[in-house]
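Next comes target.cif, a file with mmCIF, C-alpha atoms.
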```cif
data_upload
#
loop_
_atom_site.label_atom_id
_atom_site.label_comp_id
_atom_site.auth_asym_id
_atom_site.auth_seq_id
_atom_site.Cartn_x
_atom_site.Cartn_y
_atom_site.Cartn_z
CA MET A 1 -8.19 7.92 25.13
CA THR A 2 -4.53 8.67 24.61
CA THR A 3 -3.39 12.13 25.54
CA PRO A 4 -0.34 13.77 23.98
CA ALA A 5 1.53 13.37 27.27
CA GLU A 6 1.33 9.59 26.89
CA LEU A 7 2.86 9.55 23.43
CA PRO A 8 6.27 7.90 23.08
CA GLY A 9 9.03 10.50 23.00
CA PHE A 10 10.18 9.51 19.53
CA VAL A 11 6.78 10.42 18.06
CA THR A 12 7.28 14.04 19.08
CA LYS A 13 10.89 14.07 17.89
CA LEU A 14 9.87 12.56 14.57
CA GLY A 15 7.24 15.29 14.28
CA ASP A 16 10.00 17.87 14.80
CA GLU A 17 11.92 16.27 11.94
CA PHE A 18 8.93 16.55 9.58
CA SER A 19 8.42 20.15 10.67
CA ARG A 20 12.05 20.87 9.81
CA VAL A 21 11.80 19.22 6.39
CA ALA A 22 8.55 21.08 5.67
CA ARG A 23 10.10 24.41 6.76
CA GLU A 24 13.11 23.81 4.52
CA GLU A 25 10.85 23.07 1.57
CA ALA A 26 8.76 26.16 2.26
CA MET A 27 11.92 28.29 2.44
CA SER A 28 13.28 26.88 -0.81
CA ARG A 29 10.01 27.78 -2.58
CA ARG A 30 10.01 31.44 -1.65
CA PRO A 31 11.05 33.53 -4.64
CA ARG A 32 14.46 35.12 -4.27
CA ARG A 33 14.52 38.86 -4.72
CA ARG A 34 16.69 39.88 -7.60
CA SER A 35 18.60 43.10 -7.75
CA ALA A 36 17.33 45.80 -10.08
CA ARG A 37 20.30 45.19 -12.40
CA VAL A 38 19.58 41.44 -12.63
CA ARG A 39 15.86 42.11 -13.13
CA THR A 40 16.69 44.42 -16.04
CA VAL A 41 18.94 41.82 -17.68
CA VAL A 42 16.31 39.08 -17.26
CA LEU A 43 13.54 41.27 -18.65
CA ALA A 44 15.72 42.26 -21.59
CA ALA A 45 16.52 38.62 -22.31
CA LEU A 46 12.86 37.66 -22.18
CA ALA A 47 11.88 40.56 -24.38
CA SER A 48 14.51 39.66 -26.98
CA LEU A 49 13.37 36.04 -26.99
CA LEU A 50 9.80 37.15 -27.53
CA LEU A 51 10.91 39.33 -30.41
CA VAL A 52 13.22 36.80 -32.02
CA GLY A 53 11.61 33.47 -31.31
CA GLY A 54 8.00 34.42 -30.75
CA ALA A 55 5.83 33.79 -27.76
CA GLY A 56 6.17 30.00 -27.98
CA ALA A 57 9.93 30.12 -27.50
CA ALA A 58 9.67 32.39 -24.51
CA THR A 59 7.02 30.36 -22.74
CA GLY A 60 9.48 27.64 -21.94
CA LEU A 61 11.64 30.06 -19.97
CA VAL A 62 8.91 31.51 -17.81
CA PRO A 63 8.15 29.54 -14.66
CA LEU A 64 4.53 28.59 -14.34
CA PRO A 65 2.61 29.07 -11.11
CA GLY A 66 3.41 26.20 -8.78
CA ASP A 67 6.82 25.52 -10.33
CA GLY A 68 9.59 25.15 -7.85
CA PRO A 69 12.48 22.89 -6.93
CA ASP A 70 9.97 20.11 -6.28
CA PHE A 71 8.08 20.53 -9.54
CA VAL A 72 9.36 17.27 -10.96
CA ALA A 73 7.64 14.43 -9.13
CA GLN A 74 10.34 12.62 -7.19
CA ASP A 75 8.31 9.46 -7.01
CA ALA A 76 7.28 9.18 -10.61
CA THR A 77 6.44 5.58 -11.33
CA GLY A 78 8.62 3.80 -13.79
CA GLN A 79 7.61 1.47 -16.58
CA PHE A 80 7.12 -2.25 -16.39
CA SER A 81 10.46 -4.04 -16.49
CA PRO A 82 11.38 -5.59 -19.87
CA ALA A 83 11.43 -9.00 -18.17
CA LEU A 84 7.81 -8.60 -17.15
CA THR A 85 6.58 -7.26 -20.49
CA ALA A 86 8.32 -10.18 -22.23
CA HIS A 87 6.21 -12.65 -20.24
CA LEU A 88 2.99 -10.72 -19.61
CA SER A 89 1.70 -9.49 -22.97
CA VAL A 90 -1.20 -7.69 -21.33
CA LEU A 91 1.28 -5.10 -20.04
CA THR A 92 2.09 -4.01 -23.60
CA ARG A 93 -1.53 -3.36 -24.57
CA PRO A 94 -2.08 0.27 -25.66
CA ARG A 95 -3.93 2.34 -23.04
CA SER A 96 -7.22 4.07 -23.60
CA GLY A 97 -9.39 6.36 -21.52
CA ALA A 98 -11.12 3.28 -20.07
CA ASP A 99 -7.85 2.31 -18.34
CA SER A 100 -7.85 5.35 -16.08
CA MET A 101 -8.38 4.74 -12.38
CA GLY A 102 -10.05 8.12 -11.97
CA ARG A 103 -10.39 9.22 -8.37
CA ALA A 104 -9.52 5.73 -7.18
CA ALA A 105 -5.90 6.48 -8.11
CA SER A 106 -5.59 8.77 -5.11
CA PHE A 107 -5.93 5.78 -2.81
CA VAL A 108 -3.09 3.79 -4.25
CA ALA A 109 -0.14 3.81 -1.88
CA GLY A 110 2.35 6.66 -2.09
CA PRO A 111 5.27 6.15 -4.43
CA ASP A 112 3.43 3.48 -6.38
CA SER A 113 0.50 5.72 -7.17
CA PRO A 114 -0.01 5.68 -10.91
CA ALA A 115 1.56 8.22 -13.21
CA PRO A 116 -1.04 9.56 -15.65
CA GLY A 117 -1.70 7.06 -18.41
CA SER A 118 0.17 4.21 -16.74
CA SER A 119 -2.77 2.21 -15.35
CA LEU A 120 -4.35 -0.72 -17.19
CA ARG A 121 -7.90 -1.77 -16.37
CA VAL A 122 -8.08 -5.53 -16.88
CA THR A 123 -11.07 -7.81 -17.24
CA VAL A 124 -11.22 -10.90 -15.09
CA PRO A 125 -12.60 -13.76 -17.22
CA PRO A 126 -15.59 -15.55 -15.67
CA PRO A 127 -15.39 -19.28 -14.89
CA ALA A 128 -16.89 -21.61 -17.46
CA ASP A 129 -20.63 -22.22 -17.03
CA GLY A 130 -21.32 -24.86 -14.44
CA THR A 131 -17.92 -24.63 -12.74
CA PRO A 132 -18.52 -25.81 -9.17
CA HIS A 133 -17.51 -23.59 -6.23
CA ALA A 134 -16.82 -20.56 -8.43
CA SER A 135 -18.66 -17.64 -10.00
CA ALA A 136 -17.59 -14.44 -11.74
CA THR A 137 -15.97 -11.82 -9.55
CA ALA A 138 -17.37 -8.31 -9.56
CA LEU A 139 -14.14 -6.66 -8.40
CA PRO A 140 -12.61 -3.98 -10.64
CA VAL A 141 -8.90 -4.65 -11.21
CA TRP A 142 -6.04 -2.45 -12.45
CA LEU A 143 -2.41 -3.17 -13.20
CA LEU A 144 0.21 -0.47 -12.64
CA PRO A 145 3.98 -0.23 -12.93
CA THR A 146 5.72 0.31 -9.61
CA SER A 147 8.70 2.58 -9.14
CA THR A 148 10.95 -0.49 -9.41
CA GLY A 149 9.42 -1.86 -12.62
CA ASP A 150 7.34 -4.54 -10.93
CA VAL A 151 3.65 -4.96 -11.57
CA SER A 152 1.20 -3.76 -8.96
CA MET A 153 -2.34 -5.12 -8.96
CA GLN A 154 -4.95 -2.88 -7.38
CA VAL A 155 -8.46 -4.03 -6.56
CA LEU A 156 -11.25 -1.85 -5.25
CA SER A 157 -14.49 -2.98 -3.73
CA PRO A 158 -17.28 -2.60 -6.32
CA GLY A 159 -18.54 0.96 -6.40
CA ALA A 160 -16.12 2.02 -3.68
CA ASP A 161 -14.28 5.28 -3.93
CA GLY A 162 -11.85 4.43 -1.19
CA PRO A 163 -8.85 2.30 -0.43
CA GLY A 164 -8.85 -1.22 -1.77
CA SER A 165 -6.27 -3.96 -1.73
CA GLY A 166 -3.15 -4.45 -3.73
CA PHE A 167 0.12 -6.24 -4.11
CA ALA A 168 3.26 -5.87 -6.16
CA ALA A 169 5.01 -8.75 -7.88
CA ASP A 170 8.12 -9.33 -9.94
CA LEU A 171 8.49 -11.89 -12.72
CA GLN A 172 9.64 -14.62 -10.37
CA MET A 173 6.50 -14.27 -8.28
CA VAL A 174 4.33 -14.34 -11.41
CA GLU A 175 6.04 -17.49 -12.66
CA GLN A 176 5.69 -19.17 -9.28
CA GLY A 177 1.96 -18.43 -9.12
CA ARG A 178 2.46 -16.11 -6.16
CA ALA A 179 1.16 -13.03 -7.99
CA ARG A 180 -2.33 -13.37 -6.63
CA MET A 181 -4.47 -11.85 -3.96
CA SER A 182 -7.57 -12.80 -2.05
CA VAL A 183 -10.20 -10.25 -1.14
CA ASN A 184 -12.56 -12.07 1.19
CA GLN A 185 -13.56 -15.03 -0.99
CA ASP A 186 -12.53 -13.53 -4.31
CA VAL A 187 -9.20 -14.50 -5.77
CA ILE A 188 -7.48 -12.54 -8.54
CA GLY A 189 -4.12 -13.38 -10.03
CA LEU A 190 -1.66 -13.11 -12.88
CA ALA A 191 -0.26 -15.91 -14.99
CA PRO A 192 2.53 -15.67 -17.58
CA ASP A 193 1.95 -15.97 -21.35
CA GLY A 194 1.15 -19.51 -22.42
CA VAL A 195 -0.89 -20.38 -19.34
CA ARG A 196 -4.52 -20.92 -20.33
CA THR A 197 -5.90 -22.44 -17.17
CA VAL A 198 -5.13 -22.35 -13.44
CA ARG A 199 -6.24 -24.88 -10.88
CA ILE A 200 -7.15 -23.41 -7.52
CA THR A 201 -7.16 -25.57 -4.41
CA LEU A 202 -9.83 -24.46 -1.98
CA GLU A 203 -9.45 -24.51 1.77
CA GLY A 204 -11.53 -27.69 2.05
CA GLY A 205 -9.41 -29.47 -0.54
CA ALA A 206 -11.73 -29.11 -3.58
CA ARG A 207 -10.15 -27.98 -6.87
CA VAL A 208 -11.49 -25.42 -9.31
CA SER A 209 -10.23 -24.72 -12.83
CA LEU A 210 -10.33 -21.13 -13.98
CA PRO A 211 -9.58 -19.72 -17.45
CA VAL A 212 -6.71 -17.29 -17.95
CA VAL A 213 -7.36 -14.52 -20.46
CA ALA A 214 -4.78 -11.83 -21.16
CA ASN A 215 -2.68 -13.07 -18.22
CA VAL A 216 -5.49 -12.57 -15.69
CA TYR A 217 -7.63 -15.08 -13.82
CA GLY A 218 -10.02 -14.79 -10.92
CA ALA A 219 -13.36 -15.74 -9.44
CA HIS A 220 -15.58 -15.50 -6.42
CA LEU A 221 -15.12 -18.81 -4.60
CA ASP A 222 -17.23 -20.72 -2.11
CA GLU A 223 -14.20 -21.07 0.16
CA ALA A 224 -10.88 -19.30 0.52
CA ALA A 225 -8.18 -20.26 -1.98
CA GLN A 226 -5.22 -22.17 -0.61
CA GLY A 227 -3.00 -22.80 -3.64
CA VAL A 228 -2.67 -22.23 -7.36
CA GLU A 229 -1.19 -24.43 -10.06
CA PHE A 230 -0.69 -23.45 -13.68
CA ALA A 231 -1.91 -25.82 -16.36
CA THR A 232 0.32 -25.30 -19.38
CA PRO A 233 -0.58 -26.73 -22.80
CA MET B 1 -25.06 12.72 12.85
CA SER B 2 -21.66 12.34 11.25
CA PRO B 3 -19.40 15.38 11.26
CA ARG B 4 -19.42 17.48 8.11
CA PRO B 5 -16.40 16.66 5.93
CA LYS B 6 -13.91 19.49 5.74
CA LEU B 7 -13.68 21.32 2.46
CA SER B 8 -10.54 20.85 0.43
CA GLU B 9 -9.00 24.06 1.71
CA ASP B 10 -9.37 22.76 5.27
CA CYS B 11 -7.74 19.39 4.61
CA ASP B 12 -4.23 19.60 6.07
CA LEU B 13 -2.69 17.17 3.57
CA ARG B 14 -4.19 19.03 0.61
CA ARG B 15 -3.12 22.37 2.07
CA SER B 16 0.44 21.10 2.59
CA VAL B 17 0.94 20.98 -1.19
CA HIS B 18 1.17 24.78 -1.23
CA ASP B 19 1.97 25.25 2.44
CA PRO B 20 4.42 22.50 3.41
CA GLU B 21 4.23 23.50 7.07
CA ALA B 22 0.61 22.24 7.17
CA PHE B 23 2.12 18.78 6.95
CA ALA B 24 3.18 19.06 10.59
CA GLN B 25 -0.49 19.36 11.56
CA PHE B 26 -1.31 16.35 9.43
CA TYR B 27 1.45 14.41 11.22
CA ASP B 28 0.21 15.47 14.66
CA GLU B 29 -3.30 14.33 13.77
CA TYR B 30 -2.42 10.85 12.59
CA ALA B 31 1.02 9.84 13.96
CA SER B 32 -0.19 7.96 17.03
CA GLY B 33 -2.91 6.17 15.06
CA VAL B 34 -0.52 5.00 12.35
CA LEU B 35 2.03 3.93 14.97
CA ALA B 36 -0.58 1.87 16.82
CA PHE B 37 -1.89 0.42 13.54
CA ILE B 38 1.57 -0.83 12.60
CA ALA B 39 2.56 -1.93 16.12
CA ARG B 40 -0.54 -4.14 16.35
CA ARG B 41 0.48 -5.92 13.17
CA THR B 42 4.21 -6.28 13.82
CA PHE B 43 4.41 -6.55 17.64
CA ASP B 44 7.79 -4.87 17.21
CA VAL B 45 8.25 -1.35 18.55
CA GLU B 46 11.37 -0.54 16.53
CA VAL B 47 9.85 -1.76 13.28
CA ALA B 48 6.66 0.19 14.07
CA ARG B 49 8.72 3.35 14.63
CA ASP B 50 10.65 2.92 11.36
CA LEU B 51 7.57 2.10 9.29
CA THR B 52 5.67 5.03 10.81
CA ALA B 53 8.51 7.35 9.81
CA GLU B 54 8.59 5.89 6.29
CA THR B 55 4.80 6.11 5.96
CA PHE B 56 4.81 9.84 6.69
CA ALA B 57 7.94 10.40 4.59
CA GLN B 58 6.27 8.73 1.59
CA ALA B 59 3.11 10.74 2.24
CA PHE B 60 5.18 13.94 2.28
CA CYS B 61 7.00 13.07 -0.94
CA SER B 62 3.82 11.98 -2.74
CA ARG B 63 1.32 14.47 -1.36
CA ARG B 64 0.92 16.25 -4.70
CA ARG B 65 -0.65 13.10 -6.05
CA PHE B 66 -3.30 12.98 -3.32
CA ARG B 67 -6.50 13.88 -5.10
CA GLY B 68 -8.96 13.64 -2.23
CA THR B 69 -10.49 16.66 -0.58
CA THR B 70 -11.40 15.61 2.96
CA ASP B 71 -9.53 14.52 6.06
CA GLY B 72 -11.24 11.14 5.81
CA GLU B 73 -9.85 10.61 2.33
CA ALA B 74 -6.43 11.81 3.49
CA ALA B 75 -6.52 9.28 6.33
CA GLY B 76 -7.51 6.50 3.92
CA TRP B 77 -4.64 7.46 1.63
CA LEU B 78 -2.16 7.54 4.52
CA TYR B 79 -3.24 4.14 5.86
CA ALA B 80 -3.01 2.71 2.33
CA ILE B 81 0.67 3.71 2.38
CA ALA B 82 1.09 2.11 5.81
CA ARG B 83 -0.59 -1.10 4.63
CA HIS B 84 1.57 -1.17 1.54
CA LEU B 85 4.76 -0.81 3.58
CA LEU B 86 3.55 -3.43 6.03
CA SER B 87 2.89 -5.93 3.27
CA ARG B 88 6.36 -5.33 1.86
CA TYR B 89 7.82 -5.81 5.32
CA VAL B 90 5.89 -9.04 5.84
CA ARG B 91 6.86 -10.32 2.40
CA ASN B 92 10.52 -9.36 2.37
CA GLY B 93 11.34 -8.91 6.06
CA ILE B 94 12.93 -5.58 5.22
CA VAL B 95 11.92 -2.18 6.58
CA GLU B 96 11.89 0.25 3.69
CA ARG B 97 13.61 3.59 4.35
CA LYS B 98 13.80 5.12 0.85
CA ALA B 99 11.72 8.20 1.56
CA THR B 100 13.09 8.89 5.05
CA GLU B 101 16.61 8.74 3.63
CA ARG B 102 15.71 10.94 0.67
CA LEU B 103 14.26 13.58 2.94
CA GLY B 104 17.16 13.30 5.39
CA ILE B 105 14.81 12.47 8.26
CA ALA B 106 16.76 11.38 11.33
CA VAL B 107 14.64 8.62 12.87
CA PRO B 108 14.89 9.18 16.65
CA GLU B 109 16.29 6.54 18.99
CA LEU B 110 13.88 4.85 21.37
CA VAL B 111 14.32 6.09 24.90
CA GLU B 112 13.35 4.59 28.24
CA GLY B 113 9.60 4.39 28.52
CA ASP B 114 8.97 4.41 24.76
CA TYR B 115 8.50 0.63 24.61
CA ASP B 116 5.91 0.71 27.39
CA ARG B 117 4.10 3.67 25.84
CA VAL B 118 3.84 1.97 22.45
CA VAL B 119 2.63 -1.25 24.10
CA GLN B 120 0.02 0.78 25.97
CA LEU B 121 -0.95 2.88 22.95
CA ALA B 122 -1.44 -0.18 20.73
CA GLY B 123 -3.08 -2.33 23.39
CA LEU B 124 -0.49 -5.03 22.72
CA ALA B 125 -0.65 -6.55 26.20
CA GLU B 126 -4.38 -7.20 25.86
CA MET B 127 -3.93 -8.61 22.37
CA ARG B 128 -1.17 -10.98 23.53
CA VAL B 129 -3.42 -12.41 26.26
CA ILE B 130 -6.33 -12.91 23.84
CA VAL B 131 -4.13 -14.50 21.16
CA SER B 132 -2.48 -16.77 23.71
CA GLU B 133 -5.80 -17.95 25.13
CA ALA B 134 -7.29 -18.46 21.67
CA PHE B 135 -4.21 -20.44 20.65
CA GLU B 136 -4.60 -22.73 23.65
CA ARG B 137 -8.26 -23.29 22.79
CA LEU B 138 -7.47 -24.57 19.27
CA ARG B 139 -7.94 -28.23 18.48
CA PRO B 140 -4.60 -30.01 19.09
CA ASP B 141 -4.04 -30.80 15.41
CA GLN B 142 -4.74 -27.17 14.40
CA ARG B 143 -2.60 -25.83 17.23
CA GLU B 144 0.36 -27.93 16.13
CA ALA B 145 -0.08 -26.85 12.48
CA VAL B 146 -0.28 -23.17 13.46
CA ARG B 147 2.74 -23.51 15.76
CA LEU B 148 4.84 -25.11 13.02
CA ARG B 149 3.82 -22.58 10.37
CA VAL B 150 3.64 -19.32 12.32
CA VAL B 151 6.08 -19.79 15.20
CA ASP B 152 8.67 -22.09 13.57
CA GLU B 153 8.05 -20.82 10.00
CA VAL B 154 8.13 -24.36 8.60
CA PRO B 155 7.06 -24.64 4.92
CA TYR B 156 3.69 -26.29 4.26
CA SER B 157 5.28 -29.23 2.46
CA GLU B 158 7.36 -30.02 5.57
CA ILE B 159 4.39 -29.53 7.90
CA ALA B 160 2.49 -32.04 5.79
CA ALA B 161 5.37 -34.52 6.01
CA ARG B 162 5.82 -34.09 9.76
CA LEU B 163 2.12 -34.48 10.52
CA ALA B 164 1.61 -37.22 7.91
CA ILE B 165 -1.14 -35.29 6.12
CA SER B 166 -1.53 -33.80 2.64
CA GLU B 167 -0.30 -30.27 1.97
CA PRO B 168 -3.83 -28.92 1.31
CA THR B 169 -4.89 -30.34 4.66
CA ALA B 170 -1.93 -28.69 6.36
CA ARG B 171 -2.89 -25.37 4.79
CA ALA B 172 -6.49 -25.84 5.82
CA ARG B 173 -5.53 -26.54 9.45
CA VAL B 174 -3.35 -23.45 9.63
CA SER B 175 -5.97 -21.31 7.93
CA ARG B 176 -8.79 -22.46 10.20
CA GLY B 177 -6.63 -22.07 13.30
CA LEU B 178 -5.65 -18.53 12.37
CA ARG B 179 -9.24 -17.69 11.56
CA GLN B 180 -10.33 -18.83 15.02
CA ILE B 181 -7.64 -16.68 16.62
CA ALA B 182 -8.76 -13.74 14.49
CA SER B 183 -12.37 -14.36 15.55
CA ALA B 184 -11.29 -14.24 19.18
CA LEU B 185 -9.72 -10.83 18.59
CA ASP B 186 -12.75 -9.69 16.64
CA ALA B 187 -15.04 -10.63 19.50
CA VAL B 188 -13.48 -7.96 21.72
CA PRO B 189 -15.03 -4.63 20.70
CA GLN B 190 -12.03 -2.52 21.71
CA ILE B 191 -9.63 -4.70 19.73
CA ARG B 192 -11.99 -4.82 16.73
CA GLU B 193 -12.06 -1.03 16.77
CA MET B 194 -8.29 -0.80 17.06
CA THR B 195 -7.54 -3.22 14.22
CA ALA B 196 -10.16 -1.91 11.81
#
```
Can the structure from this file be put into structure tokens for me?
Amino acid sequence: MTTPAELPGFVTKLGDEFSRVAREEAMSRRPRRRSARVRTVVLAALASLLLVGGAGAATGLVPLPGDGPDFVAQDATGQFSPALTAHLSVLTRPRSGADSMGRAASFVAGPDSPAPGSSLRVTVPPPADGTPHASATALPVWLLPTSTGDVSMQVLSPGADGPGSGFAADLQMVEQGRARMSVNQDVIGLAPDGVRTVRITLEGGARVSLPVVANVYGAHLDEAAQGVEFATP
Amino acid sequence: MSPRPKLSEDCDLRRSVHDPEAFAQFYDEYASGVLAFIARRTFDVEVARDLTAETFAQAFCSRRRFRGTTDGEAAGWLYAIARHLLSRYVRNGIVERKATERLGIAVPELVEGDYDRVVQLAGLAEMRVIVSEAFERLRPDQREAVRLRVVDEVPYSEIAARLAISEPTARARVSRGLRQIASALDAVPQIREMTA
């Protein structure tokens, strides 16, 4: 068991840095006391706004509980880059309530955690009946925009309410067939518009064809996937 | 009997949303674990230090979006950030510092003894011995494929050409070799616990 005395020195110093940053944030949140004269002017201004513009106009000037210098999320995720949406039509699909990640969103890594309404739940098409070495995957899959406009794919274990696996990819990776991930023996990936089928090479050399629907393909495989090729019409 | 999960008000990360200073307790609780987690996957003390700093900086910046209520969920969320940064580091070879720079965190220099302490904390010496022995036990054709791919970073197409085999076969040899090395690590309970 490691005792604090055995910790590297930089761990403690780094902790001091986080304490300092936290202290500074706490200080900046504390309300500043206004002088009686300023308070009077502010109250008068608010009262006149209420009288002239009604309650709705005044509401926008009154800070809500929890507001502060950090009220605006610094890490708000962006949107998908135009280059990606031009080649992955699924990213332009309108969202519905079914696209929400629910509590699972809290396990997506830090700055790439989804802004409300930004996640897309996608359906992985099953392999055609009788496809050797492959069956339908049961993994739930979401697509999210990262803070840099790339697409992040997040996969959770079925029924899990904890961390899953994910990757982020830009258009080049999608076009090169590198936007894919393996979770044990399940493979899930993205293919650009126009690709209807992918051919997966399994570890033992066998090949499996999988359908692409709405830019997504995937399956549970008998062996780990080694490579992916796009079959374009 | 497993310990009772803390209620949301007791979870340091959750509390730090309204009381930023609670984040220091969260850091104290998990810093050494995250450092060891990253060091075991990078074998590089400086990279482990930088990624640990960035992991906590991103956690600090994003803590309002943590929607869990227990320490266990907070730990899962934190390690998800660490894994995410690690995968970016492995993919791009670049240590991300966006959040540490935004917060103005001065990442401390390593001082004498820090290298040894990280090696000890992460159990790197033991892992090196196990990996080295497992590597030597590989079949010669797998060992050569793993050496070319992992040590020399040769592309699969070139490995296939050099060994006069197909590219899928080259991939299969590397994959099986790495899996055997991973199995060797997994067979040691302490290492399995540390890498989980």
Chain and number of each residue from the PyMOL selection byres ((chain B and resi 180) around 12), as a PyMOL selection string: chain B and resi 130-139+142-143+146+173-179+181-187
Residue with smallest distance to chain A - pool B:Pro140, B:Gly72, B:Pro108, B:Gly33, counting all atoms listed in the file: B:Pro108
For Ala99 (chain B): contacts at 12 Å, all atoms listed in the file, fewer than 3 positions along chain excluded, given as an MDAnalysis selection string: (chainID A and resid 18 74:75 110:111) or (chainID B and resid 50:62 81 85 95:96 102:107)
Contacts of region 120-124 of chain B at 9 Å (only C-alpha atoms; same-chain gap of 6+ positions) as number ranges by chain: A: 2, 6-8; B: 32-33, 35-40, 43, 191, 194
Counting all atoms listed in the file, the residue of A:Val90, A:Asp170, A:Ser19, A:His133 that sits nearest Leu120 (chain A):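 Result for the nearest residue to Leu120 (chain A): A:Val90.
Distance-wise, CA of Glu203 (chain A) and CA of Glu229 (chain A) end up 14.4 Å apart.
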Reference answer for the PyMOL selection byres ((chain A and resi 204) around 12), as a PyMOL selection string: (chain A and resi 133+200-203+205-208+221-227) or (chain B and resi 166-176)
Could you take the residues named above and write them with C-alpha atoms, as a PDB file, in the coordinates of the input?
```pdb
ATOM      1  CA  HIS A 133     -17.510 -23.590  -6.230  1.00  0.00           C
ATOM      2  CA  ILE A 200      -7.150 -23.410  -7.520  1.00  0.00           C
ATOM      3  CA  THR A 201      -7.160 -25.570  -4.410  1.00  0.00           C
ATOM      4  CA  LEU A 202      -9.830 -24.460  -1.980  1.00  0.00           C
ATOM      5  CA  GLU A 203      -9.450 -24.510   1.770  1.00  0.00           C
ATOM      6  CA  GLY A 205      -9.410 -29.470  -0.540  1.00  0.00           C
ATOM      7  CA  ALA A 206     -11.730 -29.110  -3.580  1.00  0.00           C
ATOM      8  CA  ARG A 207     -10.150 -27.980  -6.870  1.00  0.00           C
ATOM      9  CA  VAL A 208     -11.490 -25.420  -9.310  1.00  0.00           C
ATOM     10  CA  LEU A 221     -15.120 -18.810  -4.600  1.00  0.00           C
ATOM     11  CA  ASP A 222     -17.230 -20.720  -2.110  1.00  0.00           C
ATOM     12  CA  GLU A 223     -14.200 -21.070   0.160  1.00  0.00           C
ATOM     13  CA  ALA A 224     -10.880 -19.300   0.520  1.00  0.00           C
ATOM     14  CA  ALA A 225      -8.180 -20.260  -1.980  1.00  0.00           C
ATOM     15  CA  GLN A 226      -5.220 -22.170  -0.610  1.00  0.00           C
ATOM     16  CA  GLY A 227      -3.000 -22.800  -3.640  1.00  0.00           C
TER      17      GLY A 227
ATOM     18  CA  SER B 166      -1.530 -33.800   2.640  1.00  0.00           C
ATOM     19  CA  GLU B 167      -0.300 -30.270   1.970  1.00  0.00           C
ATOM     20  CA  PRO B 168      -3.830 -28.920   1.310  1.00  0.00           C
ATOM     21  CA  THR B 169      -4.890 -30.340   4.660  1.00  0.00           C
ATOM     22  CA  ALA B 170      -1.930 -28.690   6.360  1.00  0.00           C
ATOM     23  CA  ARG B 171      -2.890 -25.370   4.790  1.00  0.00           C
ATOM     24  CA  ALA B 172      -6.490 -25.840   5.820  1.00  0.00           C
ATOM     25  CA  ARG B 173      -5.530 -26.540   9.450  1.00  0.00           C
ATOM     26  CA  VAL B 174      -3.350 -23.450   9.630  1.00  0.00           C
ATOM     27  CA  SER B 175      -5.970 -21.310   7.930  1.00  0.00           C
ATOM     28  CA  ARG B 176      -8.790 -22.460  10.200  1.00  0.00           C
TER      29      ARG B 176
END
```
Selection as a PyMOL selection string: residues within 8 Å of (10.5, 9.3, 16.6), counting all atoms listed in the file: (chain A and resi 8-15) or (chain B and resi 49+53+107-110)
Interatomic distance, CA of Leu84 (chain A) to CA of Arg199 (chain A) (Å, one decimal):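 Distance reported for this atom pair: 22.4 Å.
Candidate residues A:Ala169, A:Val213, A:Ala138, A:Val122 were compared for distance to chain B, and the nearest is A:Ala169, using only C-alpha atoms.
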Residue list as a list of chain:residue names for point (-10.7, -19.0, -16.9), cut-off 10 Å, all atoms listed in the file: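 Those residues lying close to the given coordinates are A:Val124, A:Pro125, A:Pro126, A:Pro127, A:Ala128, A:Ala136, A:Arg196, A:Thr197, A:Val198, A:Arg199, A:Val208, A:Ser209, A:Leu210, A:Pro211, A:Val212, A:Val213, A:Val216, A:Tyr217, A:Gly218, A:Ala219.
Once the PyMOL selection byres ((chain A and resi 143) around 7) is applied to the depicted file, the selected set reads Ser119, Leu120, Arg121, Val141, Trp142, Leu144, Val151, Ser152, Met153 and Gln154 of chain A.
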Selection file, C-alpha atoms, as a PDB file, keeping the file's coordinate frame:
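Output contents, as saved in selection_28.pdb:
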```
ATOM      1  CA  SER A 119      -2.770   2.210 -15.350  1.00  0.00           C
ATOM      2  CA  LEU A 120      -4.350  -0.720 -17.190  1.00  0.00           C
ATOM      3  CA  ARG A 121      -7.900  -1.770 -16.370  1.00  0.00           C
ATOM      4  CA  VAL A 141      -8.900  -4.650 -11.210  1.00  0.00           C
ATOM      5  CA  TRP A 142      -6.040  -2.450 -12.450  1.00  0.00           C
ATOM      6  CA  LEU A 144       0.210  -0.470 -12.640  1.00  0.00           C
ATOM      7  CA  VAL A 151       3.650  -4.960 -11.570  1.00  0.00           C
ATOM      8  CA  SER A 152       1.200  -3.760  -8.960  1.00  0.00           C
ATOM      9  CA  MET A 153      -2.340  -5.120  -8.960  1.00  0.00           C
ATOM     10  CA  GLN A 154      -4.950  -2.880  -7.380  1.00  0.00           C
TER      11      GLN A 154
END
```
Atomic distance CA of Ser135 (chain A) - CA of Asp186 (chain A), expressed in Å with one decimal: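 Separation between CA of Ser135 (chain A) and CA of Asp186 (chain A): 9.3 Å.
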Output, as JSON, the centre and edge lengths in Å (one decimal) of the axis-aligned box that contains all listed atoms of region 182-191 of chain A with 4 Å of margin on each side.
```
{"center_x": -6.9, "center_y": -13.1, "center_z": -6.9, "size_x": 21.3, "size_y": 13.7, "size_z": 24.2}
```
Closest of B:Lys98, B:Arg65, B:Arg162, B:Arg14 to chain A - atom-to-atom distances counting all atoms listed in the file: B:Arg65
Residue nearest chain B - candidates A:Ala231, A:Met173, A:Thr131, A:Ala214, atoms counted: all atoms listed in the file: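 Residue with the minimum atom-to-atom distance to chain B: A:Met173.
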